[in-house]
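Dumped run.txt below, it's compact mmCIF, C-alpha atoms:
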# COMPACT_ATOMS: atom_id res chain seq x y z
CA MET A 3 17.79 -87.32 -38.05
CA ASP A 4 17.12 -84.36 -40.31
CA PRO A 5 18.79 -84.53 -43.74
CA ARG A 6 21.94 -82.62 -44.53
CA SER A 7 21.71 -83.24 -48.28
CA ALA A 8 19.32 -82.13 -51.01
CA TYR A 9 18.57 -83.32 -54.54
CA VAL A 10 16.93 -80.78 -56.87
CA HIS A 11 15.35 -82.06 -60.08
CA ILE A 12 15.39 -79.91 -63.21
CA PRO A 13 13.13 -81.93 -65.53
CA PHE A 14 13.75 -80.11 -68.81
CA CYS A 15 15.73 -81.56 -71.71
CA HIS A 16 16.25 -80.65 -75.32
CA ARG A 17 15.18 -84.21 -76.22
CA ARG A 18 14.62 -87.56 -74.49
CA CYS A 19 17.44 -90.06 -74.98
CA PHE A 20 16.42 -93.49 -76.22
CA TYR A 21 17.38 -95.24 -72.96
CA CYS A 22 15.90 -92.65 -70.57
CA ASP A 23 12.89 -93.27 -68.31
CA PHE A 24 13.46 -90.30 -65.97
CA PRO A 25 10.68 -87.74 -65.42
CA VAL A 26 11.72 -85.22 -68.07
CA VAL A 27 10.04 -82.64 -70.29
CA PRO A 28 11.63 -82.35 -73.78
CA LEU A 29 11.46 -78.76 -75.03
CA GLY A 30 13.31 -78.95 -78.36
CA ASP A 31 16.88 -78.35 -79.40
CA ARG A 32 16.65 -74.55 -79.28
CA ALA A 33 15.13 -74.23 -75.82
CA ASP A 34 17.06 -72.36 -73.14
CA GLY A 35 16.46 -71.18 -69.61
CA ALA A 36 16.75 -67.57 -70.68
CA SER A 37 13.83 -67.84 -73.10
CA SER A 38 11.71 -70.88 -72.21
CA GLY A 39 8.28 -70.16 -70.77
CA SER A 40 8.11 -73.69 -69.38
CA ILE A 41 11.27 -73.20 -67.33
CA ALA A 42 10.12 -69.75 -66.23
CA ALA A 43 6.84 -71.25 -64.97
CA TYR A 44 8.58 -74.14 -63.19
CA LEU A 45 11.15 -72.26 -61.14
CA PRO A 46 8.66 -70.30 -58.97
CA LEU A 47 7.02 -73.62 -58.02
CA LEU A 48 10.42 -75.03 -57.10
CA HIS A 49 11.24 -71.97 -54.99
CA ARG A 50 7.85 -72.17 -53.28
CA GLU A 51 8.38 -75.84 -52.46
CA ILE A 52 11.79 -75.17 -50.93
CA ALA A 53 10.51 -72.22 -48.90
CA SER A 54 7.53 -74.18 -47.52
CA SER A 55 9.42 -77.37 -46.67
CA PRO A 56 10.32 -78.30 -43.09
CA ALA A 57 13.41 -76.59 -41.72
CA GLY A 58 16.58 -78.54 -41.05
CA PRO A 59 20.32 -78.22 -40.47
CA PRO A 60 22.71 -76.66 -43.00
CA LEU A 61 23.21 -78.72 -46.14
CA ALA A 62 26.55 -80.47 -46.65
CA THR A 63 25.76 -81.60 -50.21
CA VAL A 64 23.44 -80.34 -52.95
CA TYR A 65 22.94 -82.07 -56.30
CA LEU A 66 21.13 -80.39 -59.22
CA GLY A 67 20.19 -83.19 -61.59
CA GLY A 68 17.76 -83.83 -64.38
CA GLY A 69 16.87 -83.65 -67.08
CA THR A 70 19.43 -81.13 -68.22
CA PRO A 71 20.16 -78.57 -65.49
CA SER A 72 22.61 -76.82 -67.81
CA MET A 73 19.60 -75.55 -69.76
CA LEU A 74 19.31 -73.06 -66.88
CA THR A 75 21.20 -69.80 -66.82
CA GLY A 76 23.80 -69.08 -64.18
CA ALA A 77 21.39 -66.66 -62.51
CA GLN A 78 18.69 -69.34 -62.33
CA VAL A 79 21.10 -71.80 -60.74
CA ALA A 80 22.24 -69.11 -58.30
CA GLY A 81 18.60 -68.50 -57.38
CA ILE A 82 18.07 -72.17 -56.48
CA LEU A 83 21.20 -72.25 -54.32
CA GLU A 84 20.14 -69.02 -52.62
CA ALA A 85 16.70 -70.49 -51.88
CA LEU A 86 18.31 -73.55 -50.26
CA GLU A 87 20.71 -71.36 -48.30
CA CYS A 88 17.85 -69.18 -47.09
CA ARG A 89 15.82 -72.18 -45.91
CA TYR A 90 18.58 -74.40 -44.56
CA GLY A 91 21.96 -72.75 -44.87
CA LEU A 92 24.93 -74.24 -46.70
CA ALA A 93 27.63 -75.78 -44.52
CA PRO A 94 31.22 -74.53 -44.99
CA GLY A 95 32.83 -76.54 -47.77
CA ALA A 96 29.49 -77.94 -48.97
CA GLU A 97 29.69 -80.03 -52.15
CA LEU A 98 27.48 -78.32 -54.75
CA THR A 99 27.11 -80.43 -57.90
CA LEU A 100 25.51 -79.53 -61.24
CA GLU A 101 24.88 -81.96 -64.09
CA LEU A 102 26.01 -80.60 -67.45
CA ASP A 103 25.20 -81.78 -70.96
CA PRO A 104 28.12 -81.19 -73.37
CA ALA A 105 25.93 -79.53 -76.01
CA SER A 106 24.10 -77.18 -73.65
CA PHE A 107 26.75 -74.83 -72.26
CA ASP A 108 29.84 -72.86 -73.23
CA GLN A 109 32.76 -71.33 -71.33
CA ASP A 110 30.82 -68.21 -70.40
CA ARG A 111 27.91 -70.20 -68.98
CA LEU A 112 30.32 -72.45 -67.09
CA ALA A 113 31.89 -69.35 -65.55
CA ASP A 114 28.40 -68.19 -64.50
CA TYR A 115 27.72 -71.55 -62.79
CA LEU A 116 31.00 -71.38 -60.91
CA ALA A 117 30.29 -67.79 -59.88
CA ALA A 118 26.91 -68.98 -58.57
CA GLY A 119 28.72 -71.34 -56.20
CA ILE A 120 28.82 -74.65 -58.09
CA ASN A 121 32.06 -76.43 -57.16
CA ARG A 122 31.52 -79.89 -58.68
CA VAL A 123 30.25 -80.88 -62.13
CA SER A 124 28.90 -84.15 -63.52
CA LEU A 125 29.38 -84.21 -67.29
CA GLY A 126 26.99 -86.53 -69.15
CA GLY A 127 29.23 -87.70 -71.95
CA GLN A 128 28.14 -91.39 -72.35
CA SER A 129 30.42 -91.95 -75.37
CA PHE A 130 33.04 -90.31 -77.60
CA ASP A 131 31.81 -92.21 -80.67
CA ASP A 132 29.50 -90.16 -82.90
CA ARG A 133 27.71 -93.24 -84.22
CA VAL A 134 27.05 -94.50 -80.71
CA LEU A 135 25.83 -91.08 -79.58
CA ALA A 136 23.38 -90.97 -82.49
CA ASP A 137 22.19 -94.50 -81.62
CA LEU A 138 21.57 -93.33 -78.03
CA GLY A 139 19.56 -90.31 -79.18
CA ARG A 140 22.09 -87.89 -77.72
CA ARG A 141 22.26 -84.32 -78.98
CA HIS A 142 26.01 -83.81 -78.57
CA ARG A 143 28.85 -85.38 -80.51
CA GLY A 144 32.35 -86.48 -79.52
CA ALA A 145 33.90 -83.12 -80.38
CA ASP A 146 31.43 -81.37 -78.03
CA LEU A 147 32.35 -83.75 -75.21
CA ARG A 148 36.09 -83.27 -75.67
CA GLU A 149 35.72 -79.48 -75.76
CA ALA A 150 33.49 -79.40 -72.66
CA ALA A 151 35.88 -81.67 -70.76
CA GLY A 152 38.73 -79.35 -71.69
CA TRP A 153 36.90 -76.40 -70.16
CA LEU A 154 36.33 -78.34 -66.94
CA ARG A 155 39.94 -79.48 -66.77
CA GLN A 156 41.07 -75.89 -67.25
CA ALA A 157 38.70 -74.61 -64.56
CA ARG A 158 40.01 -77.17 -62.10
CA ARG A 159 43.63 -76.37 -62.85
CA ARG A 160 42.91 -72.71 -62.16
CA GLY A 161 41.31 -73.56 -58.82
CA HIS A 162 37.80 -72.50 -59.87
CA LEU A 163 36.33 -76.04 -59.71
CA ALA A 164 36.98 -78.52 -56.91
CA SER A 165 36.13 -81.66 -58.88
CA TRP A 166 34.26 -83.03 -61.86
CA SER A 167 32.97 -86.37 -63.07
CA LEU A 168 32.52 -87.90 -66.51
CA ASP A 169 29.66 -90.33 -67.24
CA LEU A 170 30.10 -93.21 -69.70
CA ILE A 171 27.85 -96.14 -70.63
CA GLN A 172 29.16 -99.66 -71.23
CA GLY A 173 27.37 -102.70 -72.62
CA LEU A 174 25.99 -100.80 -75.60
CA PRO A 175 24.74 -102.47 -78.77
CA ARG A 176 27.57 -103.67 -81.03
CA GLN A 177 30.16 -102.70 -78.43
CA GLY A 178 33.27 -104.88 -78.23
CA LEU A 179 36.34 -104.92 -76.00
CA ALA A 180 38.59 -103.05 -78.43
CA HIS A 181 36.05 -100.28 -78.91
CA TRP A 182 35.48 -99.94 -75.16
CA ASP A 183 39.22 -99.91 -74.48
CA GLY A 184 39.51 -96.95 -76.83
CA GLN A 185 36.69 -95.16 -75.01
CA LEU A 186 38.39 -95.64 -71.66
CA ALA A 187 41.71 -94.40 -73.05
CA GLU A 188 40.04 -91.20 -74.27
CA ALA A 189 38.33 -90.70 -70.92
CA ILE A 190 41.55 -91.11 -68.92
CA ALA A 191 43.37 -88.69 -71.22
CA LEU A 192 40.85 -85.95 -70.33
CA GLU A 193 41.90 -86.21 -66.65
CA PRO A 194 38.52 -86.34 -64.90
CA PRO A 195 39.01 -86.87 -61.14
CA HIS A 196 35.87 -89.06 -61.10
CA LEU A 197 34.30 -91.48 -63.58
CA SER A 198 30.83 -93.01 -63.48
CA VAL A 199 30.55 -96.05 -65.73
CA TYR A 200 27.01 -97.36 -66.05
CA ASP A 201 25.76 -100.55 -67.61
CA LEU A 202 23.08 -99.97 -70.21
CA SER A 203 19.70 -100.79 -68.69
CA ILE A 204 16.60 -101.32 -70.84
CA GLU A 205 13.77 -99.56 -69.01
CA PRO A 206 10.01 -99.91 -69.63
CA GLY A 207 8.49 -97.35 -71.95
CA THR A 208 11.75 -96.31 -73.60
CA VAL A 209 12.66 -96.32 -77.28
CA PHE A 210 15.22 -99.01 -76.54
CA GLU A 211 12.57 -101.26 -75.00
CA ARG A 212 10.48 -100.99 -78.15
CA ARG A 213 13.47 -101.67 -80.38
CA LEU A 214 14.45 -104.68 -78.29
CA ALA A 215 10.93 -106.11 -78.59
CA LEU A 216 11.11 -105.67 -82.37
CA GLY A 217 14.48 -107.41 -82.58
CA GLN A 218 16.18 -104.16 -83.61
CA LEU A 219 18.53 -103.89 -80.61
CA GLU A 220 21.43 -106.33 -80.33
CA LEU A 221 22.84 -106.30 -76.81
CA PRO A 222 26.21 -107.86 -75.87
CA PRO A 223 26.06 -111.29 -74.20
CA GLU A 224 26.42 -111.51 -70.41
CA ASP A 225 29.95 -112.90 -70.55
CA LEU A 226 31.06 -109.93 -72.66
CA ALA A 227 29.38 -107.55 -70.20
CA ALA A 228 31.49 -109.06 -67.40
CA ASP A 229 34.63 -108.75 -69.55
CA LEU A 230 33.82 -105.08 -70.21
CA MET A 231 33.56 -104.40 -66.48
CA ASP A 232 36.81 -106.25 -65.83
CA LEU A 233 38.52 -104.16 -68.51
CA THR A 234 37.09 -100.99 -66.96
CA TRP A 235 38.46 -101.96 -63.55
CA SER A 236 41.89 -102.85 -64.93
CA ARG A 237 42.22 -99.68 -66.99
CA LEU A 238 41.01 -97.28 -64.31
CA SER A 239 42.87 -98.97 -61.46
CA ALA A 240 46.11 -98.65 -63.43
CA ALA A 241 45.32 -94.94 -63.85
CA GLY A 242 44.98 -94.47 -60.09
CA PHE A 243 41.19 -94.61 -59.72
CA GLY A 244 39.63 -96.34 -56.74
CA HIS A 245 36.53 -98.45 -57.38
CA TYR A 246 34.37 -97.30 -54.48
CA GLU A 247 30.93 -98.33 -55.80
CA VAL A 248 29.76 -100.67 -58.56
CA SER A 249 29.50 -97.88 -61.14
CA ASN A 250 31.86 -95.26 -59.68
CA TYR A 251 35.60 -94.68 -59.71
CA ALA A 252 37.49 -91.77 -58.21
CA LEU A 253 40.98 -90.47 -57.67
CA PRO A 254 41.85 -90.06 -53.97
CA GLY A 255 39.70 -87.37 -52.38
CA HIS A 256 37.23 -87.13 -55.27
CA ALA A 257 34.51 -89.66 -54.39
CA SER A 258 31.06 -88.08 -54.60
CA ARG A 259 30.00 -87.07 -51.10
CA HIS A 260 26.40 -86.66 -52.24
CA ASN A 261 26.14 -90.15 -53.70
CA ARG A 262 27.67 -91.53 -50.53
CA VAL A 263 24.59 -90.20 -48.72
CA TYR A 264 22.32 -92.41 -50.85
CA TRP A 265 24.47 -95.51 -50.42
CA SER A 266 24.86 -95.06 -46.66
CA GLY A 267 21.09 -95.05 -46.13
CA ALA A 268 21.14 -91.51 -44.73
CA GLY A 269 18.21 -89.21 -45.48
CA TRP A 270 18.03 -86.42 -48.03
CA TRP A 271 15.56 -83.80 -49.18
CA GLY A 272 14.11 -84.13 -52.68
CA PHE A 273 12.80 -81.06 -54.52
CA GLY A 274 11.16 -80.70 -57.89
CA MET A 275 8.95 -82.62 -60.29
CA GLY A 276 9.63 -86.35 -60.10
CA ALA A 277 12.27 -85.99 -57.37
CA THR A 278 12.63 -88.65 -54.70
CA GLY A 279 13.68 -87.83 -51.16
CA ALA A 280 13.98 -89.68 -47.88
CA PRO A 281 13.56 -87.10 -45.11
CA ARG A 282 13.41 -88.43 -41.56
CA GLY A 283 13.42 -92.06 -42.60
CA ARG A 284 10.50 -91.83 -45.03
CA ARG A 285 10.86 -92.36 -48.78
CA ARG A 286 8.87 -89.80 -50.75
CA ALA A 287 8.40 -89.58 -54.51
CA HIS A 288 7.09 -86.39 -56.08
CA PRO A 289 4.51 -86.32 -58.89
CA ARG A 290 6.13 -87.03 -62.26
CA THR A 291 4.11 -84.52 -64.29
CA ARG A 292 4.17 -80.73 -64.25
CA ALA A 293 0.46 -80.54 -63.49
CA GLY A 294 0.73 -83.03 -60.64
CA TYR A 295 3.74 -81.25 -59.20
CA ALA A 296 2.04 -77.83 -59.40
CA GLU A 297 -1.00 -79.24 -57.60
CA ALA A 298 1.16 -80.76 -54.86
CA VAL A 299 3.09 -77.53 -54.30
CA GLY A 300 -0.15 -75.58 -54.07
CA ALA A 301 -1.78 -78.00 -51.61
CA GLY A 302 -0.62 -76.13 -48.53
CA GLU A 303 2.20 -75.73 -46.06
CA GLY A 304 4.63 -78.50 -45.18
CA GLY A 305 6.21 -78.96 -48.57
CA VAL A 306 6.00 -81.74 -51.13
CA ALA A 307 9.10 -83.29 -49.55
CA GLU A 308 7.15 -83.80 -46.31
CA ARG A 309 3.88 -85.02 -47.85
CA GLY A 310 5.02 -86.82 -50.99
CA VAL A 311 2.94 -89.29 -52.97
CA GLU A 312 4.68 -92.59 -52.19
CA THR A 313 6.27 -93.90 -49.03
CA GLY A 314 8.95 -96.46 -48.30
CA GLY A 315 8.71 -96.47 -44.51
CA GLU A 316 7.28 -94.91 -41.42
CA GLU A 317 8.68 -92.06 -39.35
CA GLY A 318 12.10 -93.00 -37.98
CA GLU A 319 12.15 -96.40 -39.70
CA GLY A 320 14.87 -95.49 -42.16
CA MET A 321 15.67 -97.25 -45.40
CA PRO A 322 13.93 -100.64 -45.73
CA PHE A 323 16.07 -103.71 -45.05
CA ASP A 324 16.15 -104.91 -48.66
CA GLU A 325 17.24 -101.46 -49.88
CA ARG A 326 19.98 -101.29 -47.25
CA LEU A 327 21.22 -104.66 -48.48
CA MET A 328 21.21 -103.49 -52.08
CA VAL A 329 23.01 -100.18 -51.60
CA GLY A 330 25.45 -101.62 -49.06
CA LEU A 331 26.63 -104.41 -51.33
CA ARG A 332 27.07 -102.01 -54.23
CA CYS A 333 29.82 -100.27 -52.25
CA ARG A 334 33.42 -101.42 -51.91
CA GLU A 335 33.24 -101.71 -48.12
CA GLY A 336 30.08 -103.83 -48.23
CA VAL A 337 27.51 -104.01 -45.45
CA ASN A 338 27.51 -105.03 -41.79
CA LEU A 339 24.83 -107.66 -42.19
CA GLU A 340 24.83 -108.71 -38.54
CA ARG A 341 24.02 -105.14 -37.48
CA LEU A 342 21.23 -104.92 -40.06
CA ALA A 343 19.85 -108.24 -38.85
CA ARG A 344 19.81 -107.02 -35.24
CA GLN A 345 18.01 -103.85 -36.29
CA GLU A 346 15.44 -105.98 -38.12
CA ARG A 347 15.30 -108.47 -35.19
CA LEU A 348 16.19 -111.38 -37.45
CA ALA A 349 17.17 -114.64 -35.81
CA PRO A 350 20.90 -115.38 -36.35
CA ALA A 351 20.05 -118.73 -37.93
CA LEU A 352 18.38 -116.91 -40.80
CA LEU A 353 21.71 -115.38 -41.82
CA ASP A 354 23.21 -118.86 -41.80
CA GLY A 355 20.55 -119.87 -44.30
CA LEU A 356 21.35 -116.87 -46.50
CA ARG A 357 25.06 -117.69 -46.41
CA ALA A 358 24.34 -121.27 -47.46
CA ARG A 359 22.16 -119.99 -50.29
CA LEU A 360 25.03 -117.79 -51.52
CA GLY A 361 27.65 -120.48 -50.90
CA ASP A 362 28.60 -120.82 -54.56
CA TYR A 363 29.43 -117.10 -54.79
CA GLU A 364 31.53 -117.37 -51.62
CA ARG A 365 33.37 -120.50 -52.80
CA ARG A 366 34.25 -118.76 -56.06
CA GLY A 367 35.68 -115.82 -54.12
CA LEU A 368 33.05 -113.39 -55.39
CA LEU A 369 31.39 -112.86 -52.02
CA ARG A 370 33.57 -112.21 -48.97
CA VAL A 371 32.19 -112.78 -45.45
CA GLU A 372 34.62 -111.08 -43.07
CA GLY A 373 33.16 -111.32 -39.59
CA PRO A 374 29.93 -109.33 -39.56
CA ARG A 375 30.73 -107.57 -42.84
CA TRP A 376 29.69 -109.00 -46.19
CA ARG A 377 31.15 -107.52 -49.36
CA LEU A 378 31.59 -108.35 -53.02
CA ALA A 379 35.10 -108.93 -54.33
CA ASP A 380 36.47 -106.25 -56.62
CA PRO A 381 36.13 -106.47 -59.58
CA GLN A 382 34.70 -109.92 -60.32
CA GLY A 383 32.16 -109.94 -57.50
CA LEU A 384 30.98 -106.41 -58.21
CA ALA A 385 30.62 -107.33 -61.88
CA LEU A 386 28.15 -110.04 -60.84
CA SER A 387 26.45 -107.93 -58.17
CA ASN A 388 23.05 -108.16 -59.84
CA GLY A 389 23.03 -111.94 -59.47
CA VAL A 390 23.95 -111.78 -55.78
CA LEU A 391 21.41 -109.06 -55.12
CA ARG A 392 18.66 -111.01 -56.88
CA GLU A 393 19.36 -113.99 -54.62
CA MET A 394 19.37 -111.81 -51.51
CA LEU A 395 16.14 -110.04 -52.42
CA ALA A 396 14.46 -113.36 -53.24
CA TRP A 397 15.55 -114.61 -49.79
CA TRP A 398 14.10 -111.51 -48.14
CA GLN A 399 10.80 -111.80 -50.01
CA GLU A 400 10.50 -115.42 -48.94
CA LEU A 401 11.12 -114.39 -45.32
CA GLU A 402 8.41 -111.75 -45.50
CA GLN A 403 5.94 -114.41 -46.65
CA THR A 404 6.69 -116.69 -43.69
CA SER A 405 5.93 -116.22 -40.01
CA PRO A 406 7.52 -116.01 -37.58
CA ARG A 407 10.75 -114.84 -39.18
CA ALA A 408 12.05 -112.57 -36.44
CA GLN A 409 13.21 -112.79 -32.88
CA PRO A 410 10.68 -111.78 -30.26
CA ALA A 411 10.76 -108.12 -29.34
CA PRO A 412 12.79 -107.52 -26.17
CA ALA A 413 10.81 -107.25 -22.95
CA PRO A 414 10.14 -103.67 -21.85

Have the structure of the file written as structure tokens, please.
Amino acid sequence: MDPRSAYVHIPFCHRRCFYCDFPVVPLGDRADGASSGSIAAYLPLLHREIASSPAGPPLATVYLGGGTPSMLTGAQVAGILEALECRYGLAPGAELTLELDPASFDQDRLADYLAAGINRVSLGGQSFDDRVLADLGRRHRGADLREAAGWLRQARRRGHLASWSLDLIQGLPRQGLAHWDGQLAEAIALEPPHLSVYDLSIEPGTVFERRLALGQLELPPEDLAADLMDLTWSRLSAAGFGHYEVSNYALPGHASRHNRVYWSGAGWWGFGMGATGAPRGRRRAHPRTRAGYAEAVGAGEGGVAERGVETGGEEGEGMPFDERLMVGLRCREGVNLERLARQERLAPALLDGLRARLGDYERRGLLRVEGPRWRLADPQGLALSNGVLREMLAWWQELEQTSPRAQPAPAP
């Protein structure tokens, strides 16, 4: 099935945060889409890629991420949306999301984005604490975040913005329960309809990885990390937020439709340097450098999204089984494991073996097996999702190393 969603990567940032391993190009604190030669050189490549990519149905969701997409001007954002509309069309009521950095836009620029058609915003706040923000390598400070959130709240109240989300990070160095409780209280007071709360992850090649290796980064113990997630769930549930995915909470009607595409295993187009897409059941990753991306765009017709440089499956295969397990169990409704097993032609007895392997999680009430559907209990099970997923992926890897592991193919 042809995708009805598109992710567009804007790789430029003022600076690289200390935890970030995304494909980004830092341009300095004074860079801006209106004056940057790097951004001016990138956008024609992006437009060319979109125009040369395979046609498909109108898009129901578009997500402009990065990097820092709010380094672009309103006119530049409008140009990207117009290119997508020209190639695919935008479905009525399409969700059009733009990531914003609190220190990279003002009210006038926000108005330009909304005039361009943006109707949902993801605000990368991460913390209200100035010391924490400095430790993360962030450019903005708490006052910038509060002011930006106020503009978004005002735009929504006036009917100019359908929804917006606030990003926070938990499990930070030196973070305790009292400090995190204060962060959550500030977030709730700003009235975001959606909150994304991510656990800090130490990625290879980052400043944080180097600091950790040098003993300069003190992370909270695992039991505190679980307590932080439990506090998050309690606080946000009391405020009316539904916990619909491990890291995401939303008021009724404000769950991210675009992110749901990823978690459902449906396909999406990916555009831009370092973007990943999954059109027509094939995972494709774009080159992570500007030179590599420019070469790929100039290689001929068909689009980078169709050719790509990495693959996670063959035509029509869809998301690999282990990925479908991972994304399904991250969601509140879980995954229909019996259906996945049939699609993979796994013998039913193999699922019995997996259930026995995860028996301790089930006995503790963290894993719920409800007929064919397996899901993690909220919040305790979701807080320990990484442990369950590690066990499941280890089980799958062991299956792939043994033969036969599947039922015979049905007779023609």

What gap, in Å, lies between CA of Ser7 in chain A and CA of Leu197 in chain A?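 Separating CA of Ser7 in chain A from CA of Leu197 in chain A is a distance of 21.5 Å.
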
Please report the interatomic distance between CA of Ala296 in chain A and CA of Asp103 in chain A in Å with one decimal.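 About the pair CA of Ala296 in chain A and CA of Asp103 in chain A: they are 26.2 Å apart.
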
Taking into account all atoms listed in the file, which residue in the set A:Thr278, A:Ser129, A:Gln177, A:Gln345 is nearest to Leu230 in chain A?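 Checking each candidate against Leu230 in chain A, we get A:Gln177 as the closest.
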
Got a sec: who's within 9 Å of Ala62 in chain A, counting all atoms listed in the file, leaving out chain neighbours fewer than 5 positions off, as an mmCIF file with C-alpha atoms, in the coordinates of the input?
data_model
loop_
_atom_site.group_PDB
_atom_site.id
_atom_site.type_symbol
_atom_site.label_atom_id
_atom_site.label_comp_id
_atom_site.auth_asym_id
_atom_site.auth_seq_id
_atom_site.Cartn_x
_atom_site.Cartn_y
_atom_site.Cartn_z
ATOM 1 C CA ARG A 6 21.940 -82.620 -44.530
ATOM 2 C CA SER A 7 21.710 -83.240 -48.280
ATOM 3 C CA ALA A 8 19.320 -82.130 -51.010
ATOM 4 C CA LEU A 92 24.930 -74.240 -46.700
ATOM 5 C CA ALA A 93 27.630 -75.780 -44.520
ATOM 6 C CA PRO A 94 31.220 -74.530 -44.990
ATOM 7 C CA GLY A 95 32.830 -76.540 -47.770
ATOM 8 C CA ALA A 96 29.490 -77.940 -48.970
ATOM 9 C CA GLU A 97 29.690 -80.030 -52.150
ATOM 10 C CA LEU A 98 27.480 -78.320 -54.750
ATOM 11 C CA ARG A 259 30.000 -87.070 -51.100
ATOM 12 C CA HIS A 260 26.400 -86.660 -52.240
#

Which of these residues is nearest to Gly126 in chain A, using all atoms listed in the file: A:His142, A:His181, A:Arg377, A:Arg111?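 The shortest atom-to-atom distance to Gly126 in chain A comes from A:His142.
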
So that I can check the surroundings of Val371 in chain A, please list as a ChimeraX atom specification every protein, DNA and RNA residue that reaches within 12 Å of it, counting only C-alpha atoms and ignoring chain neighbours fewer than 3 positions away. /A:331,335-340,353-354,356-358,360-361,363-365,367-368,374-379

One decimal, in Å: what's the spacing between CA of His11 in chain A and CA of Gly274 in chain A?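 These two atoms are separated by 4.9 Å.
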
Which residues, written as a ChimeraX atom specification, have at least one atom at most 12 Å from Gly355 in chain A, with only C-alpha atoms counted and residues fewer than 2 positions away on the same chain left out? /A:348-353,357-361,393-394,397-398,400-401

For those residues, write C-alpha atoms to a file as a PDB file, in the coordinates of the input.
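The new file part.pdb reads:
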ATOM      1  CA  LEU A 348      16.190-111.380 -37.450  1.00  0.00           C
ATOM      2  CA  ALA A 349      17.170-114.640 -35.810  1.00  0.00           C
ATOM      3  CA  PRO A 350      20.900-115.380 -36.350  1.00  0.00           C
ATOM      4  CA  ALA A 351      20.050-118.730 -37.930  1.00  0.00           C
ATOM      5  CA  LEU A 352      18.380-116.910 -40.800  1.00  0.00           C
ATOM      6  CA  LEU A 353      21.710-115.380 -41.820  1.00  0.00           C
ATOM      7  CA  ARG A 357      25.060-117.690 -46.410  1.00  0.00           C
ATOM      8  CA  ALA A 358      24.340-121.270 -47.460  1.00  0.00           C
ATOM      9  CA  ARG A 359      22.160-119.990 -50.290  1.00  0.00           C
ATOM     10  CA  LEU A 360      25.030-117.790 -51.520  1.00  0.00           C
ATOM     11  CA  GLY A 361      27.650-120.480 -50.900  1.00  0.00           C
ATOM     12  CA  GLU A 393      19.360-113.990 -54.620  1.00  0.00           C
ATOM     13  CA  MET A 394      19.370-111.810 -51.510  1.00  0.00           C
ATOM     14  CA  TRP A 397      15.550-114.610 -49.790  1.00  0.00           C
ATOM     15  CA  TRP A 398      14.100-111.510 -48.140  1.00  0.00           C
ATOM     16  CA  GLU A 400      10.500-115.420 -48.940  1.00  0.00           C
ATOM     17  CA  LEU A 401      11.120-114.390 -45.320  1.00  0.00           C
TER      18      LEU A 401
END

Of the candidates A:Pro195, A:Gly139, A:Pro175, A:Gly244, which one gets nearest to Leu226 in chain A if we count only C-alpha atoms? A:Pro175

All residues 7 Å or closer to His256 in chain A, only C-alpha atoms, same chain fewer than 4 positions away omitted, as a list in words: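 Counting only C-alpha atoms, the residues come to Ser165, Pro195, His196 and Ala252 of chain A.
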